[in-house]
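Trainee: File name work.cif; file contents mmCIF, C-alpha atoms and all ligand atoms; full text below.
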```cif
data_model
loop_
_atom_site.label_atom_id
_atom_site.label_comp_id
_atom_site.auth_asym_id
_atom_site.auth_seq_id
_atom_site.Cartn_x
_atom_site.Cartn_y
_atom_site.Cartn_z
CA MET A 159 49.79 116.32 133.07
CA ILE A 160 48.23 115.03 136.31
CA LYS A 161 46.44 117.88 138.07
CA VAL A 162 46.20 117.76 141.85
CA LYS A 163 42.97 119.43 143.00
CA THR A 164 42.70 120.44 146.64
CA ASP A 165 39.23 122.07 146.78
CA HIS A 166 37.88 119.21 148.93
CA VAL A 167 40.85 118.61 151.23
CA LEU A 168 38.93 120.61 153.89
CA ARG A 169 41.91 122.63 155.00
CA THR A 170 44.32 125.13 153.54
CA ILE A 171 47.78 123.72 153.19
CA ASP A 172 50.62 126.14 152.76
CA MET A 173 53.01 124.30 150.42
CA ALA A 174 55.66 127.00 151.02
CA GLN A 175 56.05 125.66 154.57
CA PHE A 176 57.35 122.38 153.16
CA LYS A 177 59.74 123.93 150.66
CA GLU A 178 62.90 122.99 152.53
CA GLN A 179 61.76 119.48 153.45
CA VAL A 180 60.74 118.82 149.84
CA ALA A 181 64.01 120.20 148.51
CA ARG A 182 65.94 117.96 150.90
CA ALA A 183 63.95 114.86 149.94
CA HIS A 184 64.26 115.71 146.23
CA SER A 185 68.00 115.91 146.59
CA LEU A 186 68.07 112.50 148.34
CA ILE A 187 66.21 111.05 145.35
CA GLU A 188 68.39 112.73 142.72
CA GLU A 189 71.73 112.28 144.49
CA ARG A 190 70.81 108.75 145.61
CA ASN A 191 72.36 109.39 148.99
CA GLY A 192 69.37 108.77 151.30
CA PRO A 193 68.21 105.49 152.85
CA GLY A 194 67.86 102.91 150.08
CA GLY A 195 69.75 105.15 147.63
CA ASP A 196 71.13 102.08 145.84
CA PHE A 197 67.60 101.31 144.58
CA LEU A 198 66.87 104.50 142.70
CA GLY A 199 67.62 103.09 139.25
CA TRP A 200 63.93 103.54 138.32
CA ALA A 201 64.04 107.33 138.71
CA HIS A 202 65.82 107.98 135.39
CA TYR A 203 65.09 104.60 133.79
CA PRO A 204 62.63 106.09 131.24
CA GLU A 205 65.72 107.74 129.69
CA THR A 206 68.37 105.15 130.36
CA TYR A 207 66.57 101.88 129.57
CA ASP A 208 68.33 99.30 127.42
CA LYS A 209 67.09 99.90 123.84
CA GLU A 210 68.53 96.61 122.59
CA GLU A 211 66.58 94.73 125.24
CA LEU A 212 63.38 96.56 124.28
CA ALA A 213 63.85 95.34 120.70
CA ARG A 214 64.23 91.77 122.00
CA ILE A 215 61.11 92.17 124.14
CA LYS A 216 59.08 93.29 121.12
CA ALA A 217 60.41 90.42 119.00
CA ALA A 218 59.58 87.89 121.74
CA ALA A 219 56.10 89.38 122.16
CA LYS A 220 55.46 88.96 118.42
CA GLU A 221 56.64 85.36 118.57
CA ILE A 222 54.40 84.61 121.58
CA ARG A 223 51.37 86.34 120.03
CA GLU A 224 51.75 84.33 116.84
CA ASN A 225 52.37 80.92 118.35
CA TYR A 226 50.57 80.44 121.64
CA ASP A 227 47.04 80.51 123.08
CA VAL A 228 48.20 81.59 126.53
CA LEU A 229 51.08 83.46 128.16
CA LEU A 230 51.51 82.26 131.74
CA VAL A 231 53.13 85.04 133.77
CA CYS A 232 54.76 83.57 136.88
CA GLY A 233 55.58 86.21 139.49
CA ILE A 234 54.41 87.75 142.76
CA GLY A 235 54.33 91.26 144.30
CA GLY A 236 56.37 93.71 142.28
CA SER A 237 57.10 90.94 139.80
CA TYR A 238 53.52 90.90 138.50
CA LEU A 239 51.30 93.67 139.87
CA GLY A 240 52.48 96.40 137.48
CA ALA A 241 51.96 94.31 134.34
CA ARG A 242 48.55 93.13 135.50
CA ALA A 243 47.46 96.67 136.41
CA ALA A 244 48.63 98.03 133.05
CA ILE A 245 47.04 95.29 130.94
CA GLU A 246 43.65 95.66 132.62
CA ALA A 247 43.73 99.46 132.72
CA ILE A 248 44.55 99.80 129.03
CA ASN A 249 42.84 96.79 127.44
CA GLY A 250 39.84 96.62 129.77
CA LEU A 251 38.46 93.44 131.31
CA TYR A 252 36.96 91.94 128.18
CA GLY A 253 39.53 92.89 125.57
CA LYS A 254 39.65 90.89 122.38
CA GLY A 255 43.31 90.11 122.91
CA LYS A 256 45.03 86.91 122.02
CA PRO A 257 46.95 85.30 123.60
CA GLU A 258 45.19 85.14 126.90
CA ILE A 259 47.39 86.27 129.80
CA ILE A 260 47.12 84.21 132.98
CA PHE A 261 48.85 85.31 136.18
CA PHE A 262 50.39 82.48 138.14
CA GLY A 263 52.97 82.11 140.91
CA GLN A 264 51.25 84.78 143.05
CA THR A 265 49.53 82.29 145.36
CA LEU A 266 50.03 79.00 147.17
CA SER A 267 46.36 78.12 146.74
CA PRO A 268 46.28 74.50 145.58
CA THR A 269 42.87 75.01 143.97
CA TYR A 270 44.00 77.99 141.90
CA VAL A 271 47.24 76.31 140.85
CA LYS A 272 45.57 73.03 139.91
CA GLN A 273 42.75 74.76 138.01
CA VAL A 274 45.20 76.79 135.94
CA LEU A 275 47.29 73.71 135.15
CA ASP A 276 44.18 71.74 134.18
CA TYR A 277 43.06 74.61 131.95
CA LEU A 278 46.45 74.62 130.22
CA GLU A 279 46.20 70.92 129.36
CA THR A 280 44.32 71.74 126.17
CA LYS A 281 46.13 75.01 125.31
CA THR A 282 49.42 75.92 123.75
CA PHE A 283 51.31 78.15 126.14
CA ALA A 284 54.53 80.07 126.80
CA ILE A 285 55.83 81.02 130.24
CA ASN A 286 57.29 84.33 131.38
CA VAL A 287 58.82 83.59 134.77
CA ILE A 288 59.73 86.76 136.67
CA SER A 289 61.74 86.77 139.89
CA LYS A 290 64.61 89.01 140.84
CA SER A 291 65.81 86.74 143.65
CA GLY A 292 64.80 83.57 141.84
CA THR A 293 63.98 82.00 145.19
CA THR A 294 60.48 83.31 145.95
CA THR A 295 58.55 80.21 147.03
CA GLU A 296 55.19 80.99 145.39
CA THR A 297 56.79 81.74 142.02
CA ALA A 298 59.39 78.96 142.13
CA VAL A 299 56.84 76.24 143.01
CA ALA A 300 54.41 77.44 140.32
CA PHE A 301 57.18 77.63 137.74
CA ARG A 302 58.37 74.11 138.53
CA LEU A 303 54.81 72.78 138.06
CA ALA A 304 54.17 74.75 134.85
CA ARG A 305 57.53 73.80 133.38
CA ASP A 306 56.86 70.10 134.10
CA LEU A 307 53.52 70.35 132.31
CA LEU A 308 55.07 72.14 129.36
CA ILE A 309 57.83 69.53 129.02
CA ARG A 310 55.26 66.73 129.23
CA LYS A 311 53.20 68.39 126.49
CA VAL A 312 55.89 69.50 124.00
CA GLY A 313 59.20 67.94 125.09
CA ALA A 314 62.22 69.52 126.75
CA GLU A 315 63.62 71.26 123.68
CA LYS A 316 60.43 73.07 122.63
CA ALA A 317 59.63 73.84 126.27
CA ALA A 318 62.95 75.63 126.70
CA LYS A 319 62.13 77.80 123.68
CA ALA A 320 58.74 78.70 125.15
CA ILE A 321 60.20 79.92 128.46
CA TYR A 322 61.17 83.58 128.87
CA ALA A 323 62.78 84.61 132.15
CA THR A 324 63.19 88.02 133.77
CA THR A 325 65.67 88.05 136.63
CA ASP A 326 68.85 89.56 138.06
CA LYS A 327 71.76 89.89 135.67
CA GLU A 328 74.33 88.28 137.88
CA LYS A 329 72.85 86.10 140.57
CA GLY A 330 70.03 83.88 141.75
CA ALA A 331 68.51 80.45 141.24
CA LEU A 332 66.49 81.50 138.18
CA LEU A 333 69.63 82.76 136.47
CA GLN A 334 71.19 79.32 137.01
CA LEU A 335 68.15 77.68 135.37
CA CYS A 336 68.42 80.10 132.43
CA LYS A 337 72.07 79.26 131.95
CA LYS A 338 71.50 75.53 132.17
CA TYR A 339 68.48 75.35 129.84
CA GLY A 340 69.13 78.36 127.59
CA TYR A 341 65.92 80.29 128.31
CA GLU A 342 65.59 83.70 126.65
CA ARG A 343 66.58 86.13 129.41
CA TYR A 344 65.76 89.72 130.40
CA VAL A 345 67.20 91.79 133.20
CA LEU A 346 65.64 93.29 136.27
CA PRO A 347 68.45 95.75 137.07
CA ALA A 348 70.10 95.37 140.47
CA ASP A 349 69.26 98.98 141.39
CA ILE A 350 65.49 98.63 140.81
CA GLY A 351 63.22 96.92 143.35
CA GLY A 352 60.17 94.89 142.30
CA ARG A 353 57.49 97.50 143.02
CA TYR A 354 59.38 100.12 140.99
CA SER A 355 60.03 97.76 138.06
CA VAL A 356 57.05 98.25 135.74
CA TYR A 357 59.16 100.06 133.08
CA THR A 358 61.62 97.15 132.87
CA ALA A 359 61.06 93.80 131.16
CA VAL A 360 59.05 92.82 134.28
CA GLY A 361 56.19 94.98 133.04
CA LEU A 362 57.02 95.39 129.37
CA LEU A 363 57.09 91.78 128.15
CA PRO A 364 53.61 90.80 129.41
CA MET A 365 52.27 94.18 128.27
CA ALA A 366 53.74 93.80 124.78
CA VAL A 367 52.26 90.30 124.53
CA ALA A 368 48.90 91.84 125.47
CA GLY A 369 49.24 94.10 122.43
CA ILE A 370 50.02 97.29 124.37
CA ASP A 371 52.23 99.92 122.75
CA VAL A 372 55.15 99.71 125.18
CA GLU A 373 56.99 102.55 123.48
CA ALA A 374 54.05 104.86 124.17
CA PHE A 375 54.06 103.60 127.79
CA LEU A 376 57.76 104.47 128.10
CA ALA A 377 57.15 107.84 126.40
CA GLY A 378 54.55 108.52 129.12
CA ALA A 379 57.10 107.57 131.77
CA LYS A 380 59.63 109.95 130.18
CA LYS A 381 57.04 112.72 130.23
CA GLY A 382 56.51 111.81 133.90
CA LEU A 383 60.21 112.21 134.57
CA GLU A 384 60.16 115.66 132.97
CA LEU A 385 57.07 116.80 134.90
CA TYR A 386 57.51 115.06 138.25
CA GLY A 387 61.30 114.68 138.44
CA LYS A 388 61.96 118.36 139.12
CA ALA A 389 62.51 120.11 142.43
CA GLU A 390 59.74 122.74 142.19
CA ASN A 391 56.21 123.09 140.79
CA ASN A 392 55.96 119.34 140.98
CA PRO A 393 52.39 117.93 141.36
CA ALA A 394 53.73 114.51 142.47
CA TYR A 395 55.58 116.12 145.37
CA GLU A 396 52.49 118.22 146.14
CA TYR A 397 50.47 115.01 146.41
CA GLY A 398 53.24 113.53 148.63
CA VAL A 399 53.02 116.54 150.94
CA LEU A 400 49.20 116.40 151.07
CA ARG A 401 49.29 112.74 152.11
CA HIS A 402 51.91 113.56 154.75
CA VAL A 403 49.85 116.44 156.15
CA LEU A 404 46.64 114.39 156.29
CA TYR A 405 48.48 111.54 158.00
CA LYS A 406 49.85 113.92 160.62
CA ALA A 407 46.36 115.44 160.99
CA GLY A 408 45.06 112.11 162.29
CA TYR A 409 43.98 110.16 159.19
CA PRO A 410 45.85 106.84 159.19
CA VAL A 411 44.14 105.43 156.05
CA GLU A 412 44.24 106.60 152.43
CA MET A 413 41.65 105.13 150.07
CA LEU A 414 42.41 105.31 146.35
CA VAL A 415 39.09 105.67 144.56
CA THR A 416 38.53 104.98 140.88
CA TYR A 417 35.35 104.79 138.84
CA GLU A 418 36.40 101.95 136.51
CA PRO A 419 36.40 98.19 137.23
CA SER A 420 39.39 97.94 134.89
CA LEU A 421 41.37 99.95 137.45
CA VAL A 422 40.94 97.50 140.35
CA GLN A 423 44.40 96.07 139.66
CA LEU A 424 45.89 99.56 139.45
CA GLY A 425 44.63 99.90 143.02
CA GLU A 426 46.43 96.65 143.93
CA TRP A 427 49.68 97.92 142.38
CA TRP A 428 49.28 101.29 144.14
CA LYS A 429 48.64 99.56 147.50
CA GLN A 430 51.83 97.55 147.17
CA LEU A 431 53.85 100.58 146.08
CA PHE A 432 52.79 102.72 149.03
CA GLY A 433 52.23 99.99 151.63
CA GLU A 434 55.53 98.19 151.18
CA SER A 435 57.47 101.44 150.77
CA GLU A 436 55.96 103.47 153.60
CA GLY A 437 54.76 101.03 156.25
CA LYS A 438 57.84 100.87 158.46
CA ASP A 439 59.05 101.85 161.93
CA HIS A 440 55.41 101.70 163.07
CA THR A 441 54.49 104.62 160.87
CA GLY A 442 52.87 105.24 157.48
CA LEU A 443 49.42 105.42 155.92
CA LEU A 444 47.46 102.21 155.38
CA PRO A 445 46.72 102.20 151.63
CA ASP A 446 43.26 100.96 150.71
CA SER A 447 41.39 101.08 147.41
CA ALA A 448 37.80 101.08 146.21
CA THR A 449 35.95 101.12 142.91
CA PHE A 450 32.94 103.39 142.72
CA THR A 451 30.10 103.40 142.16
CA THR A 452 30.24 99.63 142.84
CA ASP A 453 31.72 99.97 146.33
CA LEU A 454 29.42 102.84 147.27
CA HIS A 455 26.90 100.06 147.74
CA SER A 456 29.20 98.29 150.22
CA LEU A 457 31.76 100.69 151.74
CA GLY A 458 29.84 103.90 151.01
CA GLN A 459 28.02 103.85 154.34
CA PHE A 460 31.25 103.50 156.33
CA ILE A 461 32.99 106.25 154.39
CA GLN A 462 30.06 108.62 154.87
CA GLU A 463 29.28 108.00 158.53
CA GLY A 464 31.74 105.49 160.04
CA SER A 465 34.90 106.08 162.10
CA PRO A 466 36.68 109.16 160.73
CA VAL A 467 39.93 107.34 159.94
CA LEU A 468 40.34 107.85 156.23
CA PHE A 469 40.80 110.34 153.46
CA GLU A 470 40.14 109.60 149.81
CA THR A 471 42.33 110.14 146.77
CA VAL A 472 40.00 110.16 143.78
CA LEU A 473 41.36 109.43 140.33
CA GLU A 474 39.36 111.36 137.73
CA VAL A 475 39.89 110.18 134.16
CA GLU A 476 38.39 112.80 131.84
CA LYS A 477 37.86 110.73 128.68
CA PRO A 478 36.72 107.12 129.00
CA THR A 479 38.21 104.53 126.64
CA MET A 480 34.66 103.77 125.45
CA ASP A 481 31.23 105.29 125.97
CA ILE A 482 27.63 104.26 125.31
CA THR A 483 24.40 106.23 125.42
CA VAL A 484 21.19 105.39 127.28
CA PRO A 485 18.53 104.44 124.67
CA HIS A 486 14.92 105.68 124.41
CA ASP A 487 12.19 103.34 125.64
CA GLU A 488 8.58 103.87 124.51
CA ASP A 489 7.01 102.72 127.80
CA ASP A 490 9.59 104.25 130.15
CA LEU A 491 8.43 101.86 132.87
CA ASP A 492 11.90 102.00 134.43
CA GLY A 493 11.66 105.82 134.48
CA LEU A 494 14.99 106.27 132.76
CA ASN A 495 13.95 108.41 129.78
CA TYR A 496 15.29 111.47 131.60
CA LEU A 497 18.74 110.03 130.82
CA GLU A 498 17.91 109.27 127.17
CA GLY A 499 20.75 110.16 124.83
CA LYS A 500 23.18 110.78 127.70
CA GLY A 501 26.52 108.96 127.67
CA LEU A 502 27.32 106.66 130.60
CA ASN A 503 30.48 108.68 131.12
CA TYR A 504 28.28 111.71 131.82
CA VAL A 505 26.25 109.69 134.34
CA ASN A 506 29.42 108.27 135.95
CA SER A 507 30.97 111.73 136.23
CA LYS A 508 27.83 113.14 137.89
CA ALA A 509 27.93 110.22 140.34
CA ARG A 510 31.54 111.17 141.07
CA GLU A 511 30.72 114.84 141.61
CA GLY A 512 27.81 113.99 143.89
CA THR A 513 29.87 111.49 145.87
CA ILE A 514 32.78 113.87 146.42
CA ALA A 515 30.35 116.50 147.73
CA ALA A 516 28.62 113.92 149.96
CA HIS A 517 31.84 112.49 151.40
CA ALA A 518 33.78 115.73 151.77
CA GLU A 519 31.18 118.40 152.50
CA VAL A 520 28.70 116.30 154.52
CA GLY A 521 30.84 113.39 155.78
CA LYS A 522 33.91 115.62 156.39
CA VAL A 523 36.17 113.08 154.68
CA PRO A 524 39.07 114.96 153.02
CA ASN A 525 39.25 114.27 149.26
CA ILE A 526 42.34 114.80 147.12
CA LEU A 527 41.48 114.76 143.40
CA LEU A 528 43.97 113.56 140.80
CA ASN A 529 42.84 114.50 137.33
CA MET A 530 44.15 112.98 134.11
CA GLU A 531 42.99 113.07 130.54
CA LYS A 532 42.99 109.49 129.29
CA MET A 533 43.91 105.99 130.46
CA ASP A 534 45.94 104.97 127.41
CA ALA A 535 49.49 103.56 127.35
CA GLU A 536 51.08 107.00 127.49
CA GLY A 537 48.74 108.32 130.18
CA LEU A 538 49.29 105.28 132.39
CA GLY A 539 53.08 105.43 131.91
CA GLU A 540 52.97 109.00 133.20
CA LEU A 541 50.57 108.22 136.06
CA MET A 542 52.68 105.35 137.40
CA TYR A 543 55.75 107.58 137.38
CA PHE A 544 53.76 110.25 139.22
CA PHE A 545 52.90 107.74 141.96
CA MET A 546 56.45 106.42 142.26
CA ARG A 547 57.90 109.91 142.71
CA ALA A 548 55.13 110.83 145.17
CA CYS A 549 55.84 107.64 147.09
CA ALA A 550 59.59 108.29 147.38
CA MET A 551 58.82 111.85 148.51
CA SER A 552 56.25 110.69 151.12
CA CYS A 553 58.67 108.13 152.54
CA TYR A 554 61.53 110.59 152.86
CA LEU A 555 59.17 113.11 154.50
CA ASN A 556 58.32 110.34 156.99
CA GLU A 557 62.01 109.49 157.31
CA VAL A 558 61.69 105.87 156.21
CA ASN A 559 63.57 103.93 153.53
CA PRO A 560 61.20 103.70 150.52
CA PHE A 561 63.03 100.81 148.91
CA ASN A 562 63.38 97.97 151.41
CA GLN A 563 60.80 95.60 152.91
CA PRO A 564 62.39 94.00 155.99
CA GLY A 565 58.98 93.14 157.48
CA VAL A 566 58.12 90.83 154.58
CA GLU A 567 60.95 88.51 155.56
CA VAL A 568 59.41 87.62 158.93
CA TYR A 569 56.63 85.41 157.55
CA LYS A 570 59.04 83.82 155.09
CA LYS A 571 61.43 82.75 157.84
CA ASN A 572 58.58 81.26 159.88
CA MET A 573 57.16 79.47 156.86
CA PHE A 574 60.55 78.06 155.84
CA ALA A 575 61.18 76.80 159.37
CA LEU A 576 57.74 75.17 159.50
CA LEU A 577 58.26 73.60 156.08
CA GLY A 578 61.69 72.26 157.09
CA LYS A 579 63.72 74.24 154.53
CA PRO A 580 67.42 73.54 155.16
CA GLY A 581 69.04 76.33 157.20
CA TYR A 582 65.84 77.44 159.00
CA THR A 583 64.92 76.37 162.53
CA LYS A 584 61.67 76.74 164.51
O1 LIG A 601 58.50 94.94 145.61
C1 LIG A 601 59.18 93.98 145.88
O2 LIG A 601 60.41 94.06 145.92
C2 LIG A 601 58.55 92.63 146.17
O3 LIG A 601 57.17 92.71 146.09
C3 LIG A 601 59.05 91.60 145.18
O4 LIG A 601 58.79 92.03 143.88
C4 LIG A 601 58.39 90.24 145.43
O5 LIG A 601 58.61 89.83 146.75
C5 LIG A 601 58.91 89.19 144.46
O6 LIG A 601 60.29 89.04 144.60
P1 LIG A 601 61.14 88.30 143.49
O7 LIG A 601 61.10 89.11 142.24
O8 LIG A 601 62.53 88.25 144.06
O9 LIG A 601 60.55 86.94 143.30
#
```
For this file, produce the structure as structure tokens.
Mentor:
Amino acid sequence: MIKVKTDHVLRTIDMAQFKEQVARAHSLIEERNGPGGDFLGWAHYPETYDKEELARIKAAAKEIRENYDVLLVCGIGGSYLGARAAIEAINGLYGKGKPEIIFFGQTLSPTYVKQVLDYLETKTFAINVISKSGTTTETAVAFRLARDLLIRKVGAEKAAKAIYATTDKEKGALLQLCKKYGYERYVLPADIGGRYSVYTAVGLLPMAVAGIDVEAFLAGAKKGLELYGKAENNPAYEYGVLRHVLYKAGYPVEMLVTYEPSLVQLGEWWKQLFGESEGKDHTGLLPDSATFTTDLHSLGQFIQEGSPVLFETVLEVEKPTMDITVPHDEDDLDGLNYLEGKGLNYVNSKAREGTIAAHAEVGKVPNILLNMEKMDAEGLGELMYFFMRACAMSCYLNEVNPFNQPGVEVYKKNMFALLGKPGYTK
């Protein structure tokens, strides 16, 4: 269970005051009758997911693991951030996994795209192309290039067998490609938006290929639904209310702080979830993220003594995936023998304690603490559900639709017009 600790929030917040607002927002989520109600398929997905599709995902993952050096995951935004966050959080940054997972289709950088394609020249690879609309430019361009390379290397027939697509069940350009070339196909349900899709094939296929126990991940999500899907005594809603109160108290920025480099991508996923859901109608918190202690040596000064614009949400993971002790040194020239025999987790946790006290008590930066036991597949499945529920709650408290992203379309229209896409004018 995720514990929300409020000792360093620097104010007393009476949750009872928000009882009615929370109950109303909870009912909008459960009854699916608020703004964006058609996109609440994720809320009970940990119970309702397609078991037959999960079996196909596991079979495909086995096939990919046995036959290819690389899985190229082509997707952007909600169509890749969840899988990337989960793979790094659970496997770490230098896991021994095979095949290698490369994320592609999330950029228009010619250098990145060309370097990946050059790297693949000497590798065997499969592609998991993920796009609900099937028309996202970054993903579609990358997929066309990767597919061309694959066909050139292995021929059209083998290439078609090495392509796995995740898209809408009934519509879109990618669905047409699947039908024409017979790619293995998985569904991103119509009632689930990209940033809420990590429990679907969008997240599960790349995760399964990375060797992650996807059933444990879904079991964590189900536990999340039990703990954070209820109207009362709900820590996710409590966190949603805290964010709302701090925003109204004059803090426009929330910084998610972790103490693990393998959680950088979790921060990216979290930023998309909250930023794209909440940043509307000229309201909402700016989500930012930082990895300590690394970023204490860059952003630490600003947080401690800069403009008082932010509060921190610190993710405390009790048990690290691995630990290592500081060894004895005869000369002790580096003066570290006082740490001899201590685990790095102990040192890291003392750094965290000291930093929270420095930022909150001295710097007067409110700190919300989210405490969890372990960052394994089950723990992460639960944590992501916690954040999704908290996000829906925060948005409804702010009276915005958590599930659309009208602002994202503006740049696309401009870009299409400038590129001369048929139907778009400058
Ligand atoms: O959260 C979202 O809905 C977006 O980030 C989308 O996932 C992203 O724009 C990619 O869209 P698509 O899956 O249609 O290619």
Trainee: Within 6 Å of ligand LIG 601 (chain A), which residues show up when you count only C-alpha atoms and all ligand atoms? List them as a ChimeraX atom specification, please.
Mentor: /A:234-237,289-292,294,351-353
Trainee: Rounded to one decimal in Å, what is the spacing between atom CA of A:Leu468 and atom CA of A:Pro524?
Mentor: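 It comes out at 7.9 Å.
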Trainee: Excluding same-chain residues fewer than 4 positions from stretch 424-429 of chain A, what lies within 6 Å of it counting all atoms listed in the file, as a CSV table (one decimal) with C-alpha atoms, keeping the file's coordinate frame?
Mentor:
```csv
chain,number,residue,atom,x,y,z
A,239,LEU,CA,51.3,93.7,139.9
A,240,GLY,CA,52.5,96.4,137.5
A,243,ALA,CA,47.5,96.7,136.4
A,433,GLY,CA,52.2,100.0,151.6
A,445,PRO,CA,46.7,102.2,151.6
A,447,SER,CA,41.4,101.1,147.4
```
Trainee: Quick one: everything within 9 Å of A:Val403, counting only C-alpha atoms, minus sequence neighbours fewer than 5 positions away in the same chain. Send it as a list in words.
Mentor: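 Listed by chain and then number, they are Ile171, Gly398 and Gly408 of chain A.
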Trainee: Using all atoms listed in the file, can you tell me which of A:Tyr386, A:Tyr405, A:Tyr554, A:Tyr395 comes closest to A:Leu541?
Mentor: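 Nearest candidate to A:Leu541 out of A:Tyr386, A:Tyr405, A:Tyr554, A:Tyr395: A:Tyr386.
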Trainee: Restricting the calculation to all atoms listed in the file, which member of A:Lys532, A:Lys311, A:His402, A:Arg343 is positioned closest to A:Glu476?
Mentor: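 Under the stated criterion, the closest residue is A:Lys532.
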Trainee: If you measure from atom CA of A:Tyr277 to atom CA of A:Gly253, what distance in Å do you get, rounded to one decimal?
Mentor: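 These atoms are spaced 19.7 Å apart.
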Trainee: Quick one: of A:Val568, A:Ala219, A:Ile285, A:Leu527, who's nearest to A:Arg401, counting all atoms listed in the file?
Mentor: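 Selected residue with least distance to A:Arg401: A:Leu527.
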Trainee: So what do you get for atom CA of A:Thr324 versus atom CA of A:Phe262, distance-wise?
Mentor: 14.6 Å
Trainee: Please provide the set of residues having any atom within 12 Å of A:Asn506, restricted to only C-alpha atoms, with same-chain residues fewer than 2 positions apart removed, written as a tab-separated table (two decimals) with C-alpha atoms, in the frame of the given file.
Mentor:
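Final output, saved to part_37.tsv:
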```tsv
chain	number	residue	atom	x	y	z
A	416	THR	CA	38.53	104.98	140.88
A	417	TYR	CA	35.35	104.79	138.84
A	418	GLU	CA	36.40	101.95	136.51
A	449	THR	CA	35.95	101.12	142.91
A	450	PHE	CA	32.94	103.39	142.72
A	451	THR	CA	30.10	103.40	142.16
A	452	THR	CA	30.24	99.63	142.84
A	474	GLU	CA	39.36	111.36	137.73
A	475	VAL	CA	39.89	110.18	134.16
A	476	GLU	CA	38.39	112.80	131.84
A	477	LYS	CA	37.86	110.73	128.68
A	478	PRO	CA	36.72	107.12	129.00
A	481	ASP	CA	31.23	105.29	125.97
A	482	ILE	CA	27.63	104.26	125.31
A	483	THR	CA	24.40	106.23	125.42
A	497	LEU	CA	18.74	110.03	130.82
A	500	LYS	CA	23.18	110.78	127.70
A	501	GLY	CA	26.52	108.96	127.67
A	502	LEU	CA	27.32	106.66	130.60
A	503	ASN	CA	30.48	108.68	131.12
A	504	TYR	CA	28.28	111.71	131.82
A	508	LYS	CA	27.83	113.14	137.89
A	509	ALA	CA	27.93	110.22	140.34
A	510	ARG	CA	31.54	111.17	141.07
A	511	GLU	CA	30.72	114.84	141.61
A	512	GLY	CA	27.81	113.99	143.89
A	513	THR	CA	29.87	111.49	145.87
```
Trainee: Give the answer as one residue: which of A:Gly565, A:Gly581, A:Gly361, A:Pro268 has the shortest atom-to-atom distance to A:Glu436, using all atoms listed in the file?
Mentor: A:Gly565
Trainee: Which of these residues is nearest to A:Pro485, using only C-alpha atoms: A:Ile260, A:Ala247, A:Gly499, A:Gly378?
Mentor: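 For A:Pro485, the nearest of the given residues is A:Gly499.
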Trainee: Compile the contact shell of A:Asp165 as a list in words: residues with an atom at most 10 Å away, counting all atoms listed in the file, same-chain residues fewer than 3 positions apart removed.
Mentor: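 Everything that qualifies: Val162, Leu168, Arg169, Thr170, Ala518, Pro524, Asn525, Ile526 and Leu527 of chain A.
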Trainee: Just the residues within 10 Å of A:Pro193, please, counting only C-alpha atoms, with nothing from its chain fewer than 5 positions along; format it as a VMD selection string.
Mentor: chain A and resid 186 to 187 553 to 554 557 to 562
Trainee: Since the input lacks atoms, please generate N, CA and C atoms for stretch 342-352 of chain A and provide them as a PDB file, keeping the file's coordinate frame.
Mentor:
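Just written: selection20.pdb:
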```
ATOM      1  N   GLU A 342      65.434  82.290 127.023  1.00  0.00           N
ATOM      2  CA  GLU A 342      65.590  83.700 126.650  1.00  0.00           C
ATOM      3  C   GLU A 342      65.523  84.512 127.949  1.00  0.00           C
ATOM      4  N   ARG A 343      66.446  85.480 128.108  1.00  0.00           N
ATOM      5  CA  ARG A 343      66.580  86.130 129.410  1.00  0.00           C
ATOM      6  C   ARG A 343      66.521  87.649 129.318  1.00  0.00           C
ATOM      7  N   TYR A 344      65.849  88.253 130.287  1.00  0.00           N
ATOM      8  CA  TYR A 344      65.760  89.720 130.400  1.00  0.00           C
ATOM      9  C   TYR A 344      66.185  90.110 131.811  1.00  0.00           C
ATOM     10  N   VAL A 345      66.587  91.370 131.931  1.00  0.00           N
ATOM     11  CA  VAL A 345      67.200  91.790 133.200  1.00  0.00           C
ATOM     12  C   VAL A 345      66.290  92.680 134.031  1.00  0.00           C
ATOM     13  N   LEU A 346      66.199  92.338 135.316  1.00  0.00           N
ATOM     14  CA  LEU A 346      65.640  93.290 136.270  1.00  0.00           C
ATOM     15  C   LEU A 346      66.858  93.922 136.933  1.00  0.00           C
ATOM     16  N   PRO A 347      67.186  95.173 136.590  1.00  0.00           N
ATOM     17  CA  PRO A 347      68.450  95.750 137.070  1.00  0.00           C
ATOM     18  C   PRO A 347      68.586  95.705 138.595  1.00  0.00           C
ATOM     19  N   ALA A 348      69.829  95.519 139.041  1.00  0.00           N
ATOM     20  CA  ALA A 348      70.100  95.370 140.470  1.00  0.00           C
ATOM     21  C   ALA A 348      69.631  96.581 141.267  1.00  0.00           C
ATOM     22  N   ASP A 349      69.621  97.771 140.641  1.00  0.00           N
ATOM     23  CA  ASP A 349      69.260  98.980 141.390  1.00  0.00           C
ATOM     24  C   ASP A 349      67.773  99.353 141.262  1.00  0.00           C
ATOM     25  N   ILE A 350      66.941  98.380 140.870  1.00  0.00           N
ATOM     26  CA  ILE A 350      65.490  98.630 140.810  1.00  0.00           C
ATOM     27  C   ILE A 350      64.776  97.521 141.575  1.00  0.00           C
ATOM     28  N   GLY A 351      63.979  97.907 142.580  1.00  0.00           N
ATOM     29  CA  GLY A 351      63.220  96.920 143.350  1.00  0.00           C
ATOM     30  C   GLY A 351      61.933  96.544 142.621  1.00  0.00           C
ATOM     31  N   GLY A 352      61.349  95.424 142.992  1.00  0.00           N
ATOM     32  CA  GLY A 352      60.170  94.890 142.300  1.00  0.00           C
ATOM     33  C   GLY A 352      59.056  95.903 142.087  1.00  0.00           C
TER      34      GLY A 352
END
```
